[in-house]
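First comes the structure, then the notes that go with it.
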Amino acid sequence: MRSVRIGVDTGGTFTDVVSVNEQTGEITTTKTPSTPANPADGFMEGVRKVLRKAATEGDAGMEAVSAVVHGTTVATNQLLEDRIADLGFVTTEGFEFILEIARQSVPDGYGNSYFWVKPPRIVPVHRIRTVGGRLDHTGAEVRPFDEAQAVAAARWFRERGITAIGVCFLHSYANPGHELRMREVLEREHPDAVVSISSDVLREYREYERSVTTLVDAAVKPTMRRYIANLAERLEEAGGSGMPFSVMKSNGGVLSAAEVVHQPITTVLSGPAAGALGAALIAATAGHLSAITLDGGGTSTDVAVVVDGEPSLTTEGSIGRYPCKIPMIDIVTVGAGGGSVAWISPEGTLKVGPRSAGADPGPLCYGRGGTEVTVTDAHVFLGRVPPHLLGGEIPLDADAARQGIEALAGKVGLTPERTAAGILEISAFNQSNAIRQITVKRGLDVRDFPMVAFGGSGPLLVCRLIDILGLPSVIVPPDPGNVSAFGLLTVDVKNDYVRTFVTRDLSLPAAAEIFRDLEGQAAEALDREGFAADRHVYARSADLRYYGQAYEVRVPAPAGPLDEAWRAEVLDRFHEAHQKLYGYGYRDAPRHGVEWVNLRVSGIGPITRPAIGRRPYGTVPPEPEPATARQVFYDEWGPVPIHRRTALAAGTVIAGPAVIEEYGSTLPVHPGFTAVVDAFGNLEVRR
């Protein structure tokens with residue numbers, strides 16, 4: 001009988017795996033090194049490894065697996081590394097320079113415009129074709145679609161071997177007719193092409209953002225199709241025939257692998273989104289409905305904010321230099337992970353990141369040919385992490401780390417200890433700046449939020465972050481390196497649909513018709529995912545702004561019939577959200593009219609989430625016996641007690657200086673701090 005659900009999160013350094021037995025509630029976790037050359041290898045090894053481990057707890061092999069959910073960085077890495085080639089673009093005649101003009105914005109303001117060099121566009125001008133035909137903003141046809149130009153464009157791409165093509169015509173959010181005809185022409189004239197049309201990807205106005213979002217979807221579609229097909233085939237060969245296989249999306253939902261290959265752009269923040277959701281559930285279970293989440297990996301650190309139990313969403317995100325206006329969890333990523341490289345700038349100052357040593361060759365202490373000092377090497381040199389990873393599976397070369405730190409110290413003129421501590425201090429400030437972006441820049445006081453720190457390197461700097469930011473506390477969950485994989489098992493199926501409808505005087509019948517259409521699309525997708533109609537959930541929202549503003553505020557909209565009470569409720573929510581975000585509002589100023597911009601529906605298929613069990617309080621000794629001790633540098637070298645986390649019962653208090661170790665992560669407890677084990681096995685760190 002199939003009763004085991006598995007979550008697999010592929011990161012830059014490690015692949016994290018969690019399984020939950022749906023009958024017993026037993027949760028099993030493990031990790032395995034990622035395989036950047038072919039991520040599917042690490043994925044399958046992780047699945048086999050967690051099944052072997054679960055088998056000792058009474059479960060069988062692949063025949064016991066009821067579903068696999070995957071968080072992937074394949075699309076993200078392709079965009080971050082700018083691996084975009086042979087991409088074509090079809091747009092409206094006369095608008096071939098839409099990508100060149102973009103938003104006319106210059107980083108750091110126009111004072112920088114003399115020195116700023118415009119980055120290369122996602123599609124250069126010479127690979128853009130235009131097609132005649134024109135719609136107005138209501139979707140009415142001004143000029144008919146030019147079939148002959150469309151055929152010529154399709155043949156032009158075919159002759160040059162350009163097989164990934166994005167199509168974005170003016171005002172196609174109001175009427176997709178011309179784009180659908182262009183897709184038919186491409187299918188007929190250039191059958192080898194992979195095509196994305198903007199009315200499928202993002203049916204929302206703002207031509208530049210819609211164009212780039214569509215092109216990003218087209219760019220990652222071939223890679224994602226190959227990757228997902230490879231995984232599905234290997235799962236089937238391993239005995240998972242007919243088993244549901246889903247992929248995490250950026251919006252906080254999952255979608256079946258068969259569906260997600262048609263909208264791969266929705267996976268660009270797949271792994272980080274799962275981590276934020278898993279951390280939100282852990283924080284809520286521990287009694288904190290609002291929290292900051294920090295996911296520290298080998299390559300980067302991802303931070304998000306949870307308010308009232310839900311991670312904040314945005315449609316103004318970007319991946320690398322590409323704006324992507326799809327709904328996604330509001331995550332800020334900084335290149336400050338365990339593998340971040342320490343280097344000396346031309347001015348002679350010490351820097352850390354954003355470049356990473358990754359999984360291969362990795363830090364010096366991995367002994368795989370790495371030649372540069374990393375954050376992990378600094379931790380190893382200072383004794384704050386053990387001389388091995390994954391409970392001894394990966395031994396670390398402490399001598400190599402020491403030699404690298406000493407060589408770098410000679411270049412910057414500091415002692416090795418100050419150099420290593422400086423590397424960690426810079427990394428902590430890099431992380432704190434990301435946290436400020438997600439809180440202070442959003443009008444939130446960082447001191448009001450406890451933080452959930454997870455990921456393999458997430459707990460390593462929490463004591464410094466408490467001091468730098470004034471955090472009230474930090475929660476380190478059990479198996480912190482596997483929280484993202486655990487989050488994959490807490491996620492509902494979710495699809496988002498949007499329609500631009502700009503008006504100052506909202507017609508309730510017209511809005512009701514749009515919502516019916518969007519909910520119909522959502523229902524069809526949930527039917528394909530196997531959810532019965534009585535389990536469908538539809539969440540409405542709307543984007544509004546004060547008339548004359550350039551950007552909108554998204555607010556939830558009530559279910560039920562659209563009447564004047566419904567309109568008043570949405571407007572009231574908009575005024576309140578605007579006041580909270582920007583510090584002012586015009587609730588009682590009739591001369592400042594409100595403009596409706598977009599109507600949205602999320603179709604949700606709810607799942608049963610795994611329960612986080614309480615841990616029984618044992619007889620807690622006043623001073624728990626450490627497993628061992630070793631020399632650790634905090635303010636000075638000295639013997640420091642080393643505790644095994646698995647031996648700590650609920651209620652245990654560990655006072656710093658100390659180090660708490662477990663299979664996938666380590667928590668250094670600095671002098672002046674305490675770590676308390678709560679009823680759910682979390683470590684709560686406070687000054």
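Chain lettering (A, B, ...) mirrors the order of the structure tokens, residue numbering begins at 1 for each chain separately, and ligand numbering begins at 1 in order of display.
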
task = Extract, using only C-alpha atoms, all DNA, RNA and protein residues at most 6 Å from region 542-553 of chain A, discarding same-chain residues fewer than 2 positions from it, and format them as a list in words.
result =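 So the residues in contact are Val555, Gly593, Val594, Glu595, Trp596, Val597, Asn598, Leu599 and Arg600 of chain A.
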
Those residues you just picked out, can you put them in a file as a compact mmCIF listing (two decimals), in the first residue's frame with N, CA and C atoms?
# COMPACT_ATOMS: atom_id res chain seq x y z
N VAL A 555 -4.82 43.39 -2.71
CA VAL A 555 -5.56 43.09 -1.49
C VAL A 555 -6.49 41.90 -1.75
N GLY A 593 -9.44 59.69 -6.28
CA GLY A 593 -10.19 58.51 -6.69
C GLY A 593 -9.35 57.25 -6.65
N VAL A 594 -10.01 56.10 -6.55
CA VAL A 594 -9.35 54.80 -6.56
C VAL A 594 -9.56 54.15 -7.91
N GLU A 595 -8.48 53.59 -8.47
CA GLU A 595 -8.54 52.93 -9.77
C GLU A 595 -8.32 51.43 -9.59
N TRP A 596 -9.22 50.62 -10.17
CA TRP A 596 -9.06 49.17 -10.20
C TRP A 596 -8.18 48.82 -11.39
N VAL A 597 -7.23 47.90 -11.21
CA VAL A 597 -6.27 47.59 -12.28
C VAL A 597 -6.35 46.12 -12.70
N ASN A 598 -6.16 45.19 -11.76
CA ASN A 598 -6.17 43.77 -12.10
C ASN A 598 -7.12 43.01 -11.17
N LEU A 599 -7.79 42.01 -11.71
CA LEU A 599 -8.59 41.08 -10.92
C LEU A 599 -7.90 39.72 -10.98
N ARG A 600 -7.82 39.03 -9.83
CA ARG A 600 -7.05 37.79 -9.74
C ARG A 600 -7.85 36.69 -9.05

Practice problem: Enumerate as a ChimeraX atom specification all residues of region 174-337 of chain A assigned to helix (DSSP H, G or I) by DSSP on the backbone, naming them with the chain letters and numbers the document uses. | Solution: /A:177-189,198-201,207-237,257-260,264-267,270-285

Worksheet item: Counting only C-alpha atoms, which of A:Ser541, A:Thr76, A:Asn495, A:Ser105 gets nearest to Ala219 (chain A)?
Response: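 The answer is A:Thr76, which sits nearest to Ala219 (chain A).
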
Given only C-alpha atoms, how would the per-residue table for region 223-323 of chain A near region 656-677 of chain A read, listing every residue at most 12 Å away with its closest atom pair and distance in Å to one decimal, sorted by chain and number, as JSON lines?
{"residue": "A:Ala286", "atom": "CA", "partner": "A:Val677", "partner_atom": "CA", "distance": 11.3}
{"residue": "A:Gly296", "atom": "CA", "partner": "A:Ser665", "partner_atom": "CA", "distance": 10.4}
{"residue": "A:Gly297", "atom": "CA", "partner": "A:Ser665", "partner_atom": "CA", "distance": 10.5}
{"residue": "A:Gly298", "atom": "CA", "partner": "A:Ser665", "partner_atom": "CA", "distance": 11.7}

Worksheet item: Within 8 Å of Pro272 (chain A), counting only C-alpha atoms, which residues qualify if same-chain residues fewer than 4 places away don't, as a PyMOL selection string?
Response: chain A and resi 276+295+302+331+484

Output of the above residues as a compact mmCIF listing (two decimals), in the first residue's frame, restricted to N, CA and C atoms:
# COMPACT_ATOMS: atom_id res chain seq x y z
N ALA A 276 10.31 28.82 2.93
CA ALA A 276 9.53 29.83 3.63
C ALA A 276 8.23 29.24 4.16
N ASP A 295 16.96 31.08 5.22
CA ASP A 295 17.36 29.78 4.66
C ASP A 295 18.80 29.91 4.18
N ASP A 302 18.45 32.87 1.58
CA ASP A 302 17.16 33.40 1.15
C ASP A 302 16.37 33.81 2.38
N ILE A 331 10.80 36.98 -1.66
CA ILE A 331 12.06 36.46 -1.12
C ILE A 331 13.21 37.33 -1.60
N SER A 484 13.35 22.99 3.95
CA SER A 484 12.80 23.23 2.62
C SER A 484 12.15 21.97 2.06
